[in-house]
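Asks: The structure follows.
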Amino acid sequence: LLYEQGRIDFAEVGTSSVARLEYEGSPLAGELRVNPELSLAYVGFNVQMPPFDDPKVRQALTLAVDRAKIARVTYEGRLVQAKGILPPGMPGYDETLEGLPYDPEQARRLLAESRYAGKMPRLVFYTTGGGDAVLLQEVWQEELGLEVELRQVVWADFLKGLDERRYPIFALGWIADYPDPQDFLEVLFRTGSPSNHTGYSNPEVDRLLEQAAVEQVEEKRLALYRQAERLIVADAPIIPLTHGVTYSLTKPYVRGLQVTPMGVLDLSTVWIEGRP
């Protein structure tokens, strides 16, 4: 409101307000900026618990989910489909990584080949409410014939359960603390990391992460992280769903302002030119 009144020159915009700014004829449409956010929304599997100790089960549940449709329809294209773990705008982001595709038939074949074929237990999915849990519950029930129970937990208890690795399936998100792939790949997937809530452990991934941590040549370092990411995505300890997007308004007379994927505004580069 302050922005529309001309009292401030920059404002962040919630996704619920974007539609009224984008319509043809909106006086603010030309002032709307869309920027990537270094974040990931995902569903995690506890790989130490059955049936998720079988990679084929995890891969099957991933293949059954049409993530492109979730981004396009559920979120009206306001979020970006996650094909991997690292978000666009992150150093080392792999544009060629396609991840596991949407393939319900292959998902059913993998379930039939798994150690739990014909004896899949009820899946218990923990969430703090909202998000994509209900949609995924329906997909897994309809496409794979699985019984899925949703359990909603208050945030404080949810965090405690994550730390204790009590949840077979859980919905979670991660936002970068700093713009580096280490803050996603090592923090979330290295063996023994406190934030590795899936219990995932892959010696080859650990080796690549250890090499990347001490590599001095930046391009080689990022290549190691890309290799690790591909291995993690293939193992499917999580289903990457969406990457965040931020929206903001900037007056046309504000020059030199860049909104980074971390949301940082460097005002030292900004000047005002031609303010009415």
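In the structure tokens, the first chain shown is A, the next is B, and so on; residue numbers restart at 1 for each chain, and ligands run from 1 in the order shown.
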Using only C-alpha atoms, determine which residues lie at most 10 Å from region 156-173 of chain A, disregarding the query and same-chain residues fewer than 5 positions distant; provide the list as JSON, numbers by chain.
Replies: {"A": [39, 40, 41, 42, 43, 44, 45, 46, 47, 48, 49, 50, 51, 52, 123, 124, 125, 126, 127, 128, 129, 130, 131, 132, 133, 150, 151, 194, 195, 196, 197, 198, 199, 238, 239, 240, 241, 242, 243, 244]}
Asks: As a compact mmCIF listing (two decimals) with all heavy atoms, in the first residue's frame, please: every residue in region 226-255 of chain A that DSSP puts in alpha helix (DSSP H).
Replies:
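Done, and the output landed in selection-v6.txt:
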```
# COMPACT_ATOMS: atom_id res chain seq x y z
N ARG A 226 28.51 -31.14 -8.16
CA ARG A 226 27.55 -31.61 -9.15
C ARG A 226 27.53 -33.14 -9.22
O ARG A 226 26.45 -33.74 -9.37
CB ARG A 226 27.85 -30.99 -10.51
CG ARG A 226 27.44 -29.53 -10.64
CD ARG A 226 27.50 -29.05 -12.07
NE ARG A 226 28.87 -28.85 -12.50
CZ ARG A 226 29.52 -27.68 -12.44
NH1 ARG A 226 28.92 -26.62 -11.93
NH2 ARG A 226 30.77 -27.57 -12.86
N GLN A 227 28.69 -33.77 -9.12
CA GLN A 227 28.74 -35.23 -9.10
C GLN A 227 28.00 -35.78 -7.89
O GLN A 227 27.23 -36.75 -8.00
CB GLN A 227 30.19 -35.70 -9.07
CG GLN A 227 30.98 -35.46 -10.34
CD GLN A 227 32.42 -35.94 -10.18
OE1 GLN A 227 32.67 -37.09 -9.83
NE2 GLN A 227 33.37 -35.06 -10.41
N ALA A 228 28.24 -35.17 -6.74
CA ALA A 228 27.57 -35.63 -5.51
C ALA A 228 26.06 -35.46 -5.63
O ALA A 228 25.29 -36.35 -5.23
CB ALA A 228 28.11 -34.84 -4.32
N GLU A 229 25.62 -34.34 -6.20
CA GLU A 229 24.19 -34.10 -6.33
C GLU A 229 23.53 -35.17 -7.20
O GLU A 229 22.44 -35.67 -6.87
CB GLU A 229 23.94 -32.71 -6.92
CG GLU A 229 22.46 -32.38 -7.08
CD GLU A 229 22.20 -31.03 -7.72
OE1 GLU A 229 23.09 -30.55 -8.45
OE2 GLU A 229 21.12 -30.47 -7.51
N ARG A 230 24.17 -35.55 -8.29
CA ARG A 230 23.59 -36.56 -9.18
C ARG A 230 23.45 -37.91 -8.47
O ARG A 230 22.45 -38.61 -8.65
CB ARG A 230 24.43 -36.69 -10.45
CG ARG A 230 24.24 -35.53 -11.41
CD ARG A 230 25.09 -35.64 -12.66
NE ARG A 230 24.76 -34.56 -13.59
CZ ARG A 230 23.87 -34.67 -14.56
NH1 ARG A 230 23.22 -35.81 -14.74
NH2 ARG A 230 23.62 -33.64 -15.36
N LEU A 231 24.43 -38.26 -7.66
CA LEU A 231 24.34 -39.52 -6.92
C LEU A 231 23.21 -39.48 -5.90
O LEU A 231 22.46 -40.45 -5.75
CB LEU A 231 25.67 -39.80 -6.22
CG LEU A 231 26.85 -40.17 -7.10
CD1 LEU A 231 28.13 -40.30 -6.26
CD2 LEU A 231 26.59 -41.47 -7.85
N ILE A 232 23.08 -38.36 -5.22
CA ILE A 232 22.02 -38.22 -4.21
C ILE A 232 20.65 -38.30 -4.87
O ILE A 232 19.75 -39.02 -4.39
CB ILE A 232 22.17 -36.89 -3.44
CG1 ILE A 232 23.48 -36.88 -2.65
CG2 ILE A 232 20.98 -36.68 -2.49
CD1 ILE A 232 23.87 -35.50 -2.15
N VAL A 233 20.46 -37.59 -5.97
CA VAL A 233 19.16 -37.60 -6.66
C VAL A 233 18.80 -39.01 -7.12
O VAL A 233 17.65 -39.44 -7.02
CB VAL A 233 19.19 -36.61 -7.85
CG1 VAL A 233 17.96 -36.78 -8.72
CG2 VAL A 233 19.26 -35.17 -7.33
N ALA A 234 19.78 -39.75 -7.63
CA ALA A 234 19.53 -41.12 -8.09
C ALA A 234 19.15 -42.04 -6.92
O ALA A 234 18.30 -42.93 -7.08
CB ALA A 234 20.75 -41.66 -8.81
N ASP A 235 19.74 -41.81 -5.75
CA ASP A 235 19.43 -42.62 -4.56
C ASP A 235 18.06 -42.30 -3.97
O ASP A 235 17.49 -43.11 -3.23
CB ASP A 235 20.50 -42.42 -3.48
CG ASP A 235 21.78 -43.19 -3.77
OD1 ASP A 235 21.73 -44.14 -4.56
OD2 ASP A 235 22.82 -42.85 -3.17
```
Asks: Write out as a list in words the residues lying within 10 Å of Pro252 (chain A), counting only C-alpha atoms and excluding same-chain residues fewer than 4 positions away.
Replies: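 The contact residues come out as Asp9, Gly30, Glu31, Ile272, Glu273, Gly274 and Arg275 of chain A.
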Asks: Could you tell me which of A:Pro181, A:Gly14, A:Pro203, A:Gly25 comes closest to Gly84 (chain A) if we count only C-alpha atoms?
Replies: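 Of all the options, A:Pro181 lies closest to Gly84 (chain A).
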Asks: Could you jot down the CA of Pro104 (chain A) to CA of Ala64 (chain A) separation for me, Å, one decimal place?
Replies: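 Interatomic distance here is 4.6 Å.
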Asks: Can you list, as number ranges by chain, every protein, DNA or RNA residue that comes within 12 Å of Leu222 (chain A) when you count only C-alpha atoms, leaving out same-chain residues fewer than 4 positions away?
Replies: A: 86, 90-94, 180-182, 185, 208-209, 211-218, 226-229
Asks: Quick check for you: according to DSSP on this backbone, which residues of region 149-271 of chain A are classed as strand (DSSP E or B)? Reply as a PyMOL selection string.
Replies: chain A and resi 149-152+169-175+238-243+245-250+254-255+259+265+271
Asks: Go ahead and save the picked residues with C-alpha atoms, as a compact mmCIF listing (two decimals), in the first residue's frame.
Replies:
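So out-v5.txt came out as:
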```txt
# COMPACT_ATOMS: atom_id res chain seq x y z
CA GLU A 149 -1.76 -41.83 6.69
CA LEU A 150 -1.12 -38.14 7.34
CA ARG A 151 -0.14 -36.97 10.80
CA GLN A 152 0.03 -33.26 11.54
CA ILE A 169 8.16 -39.63 5.66
CA PHE A 170 8.18 -35.90 6.31
CA ALA A 171 7.67 -32.62 4.45
CA LEU A 172 10.34 -29.99 4.94
CA GLY A 173 12.10 -27.06 3.33
CA TRP A 174 15.58 -25.57 3.33
CA ILE A 175 16.72 -22.01 2.67
CA ILE A 238 14.19 -37.07 -0.81
CA ILE A 239 11.71 -35.95 -3.45
CA PRO A 240 12.75 -32.42 -4.50
CA LEU A 241 9.51 -30.56 -5.18
CA THR A 242 9.96 -26.84 -5.77
CA HIS A 243 12.42 -23.96 -5.53
CA VAL A 245 10.79 -17.41 -6.14
CA THR A 246 10.61 -13.91 -4.68
CA TYR A 247 8.63 -11.01 -6.08
CA SER A 248 9.28 -7.34 -5.53
CA LEU A 249 8.33 -3.90 -6.85
CA THR A 250 10.87 -1.22 -7.72
CA VAL A 254 15.53 3.61 -8.89
CA ARG A 255 18.71 2.66 -10.75
CA VAL A 259 18.03 -8.28 -5.71
CA LEU A 265 20.16 -5.45 -1.31
CA TRP A 271 21.02 5.94 -7.32
```
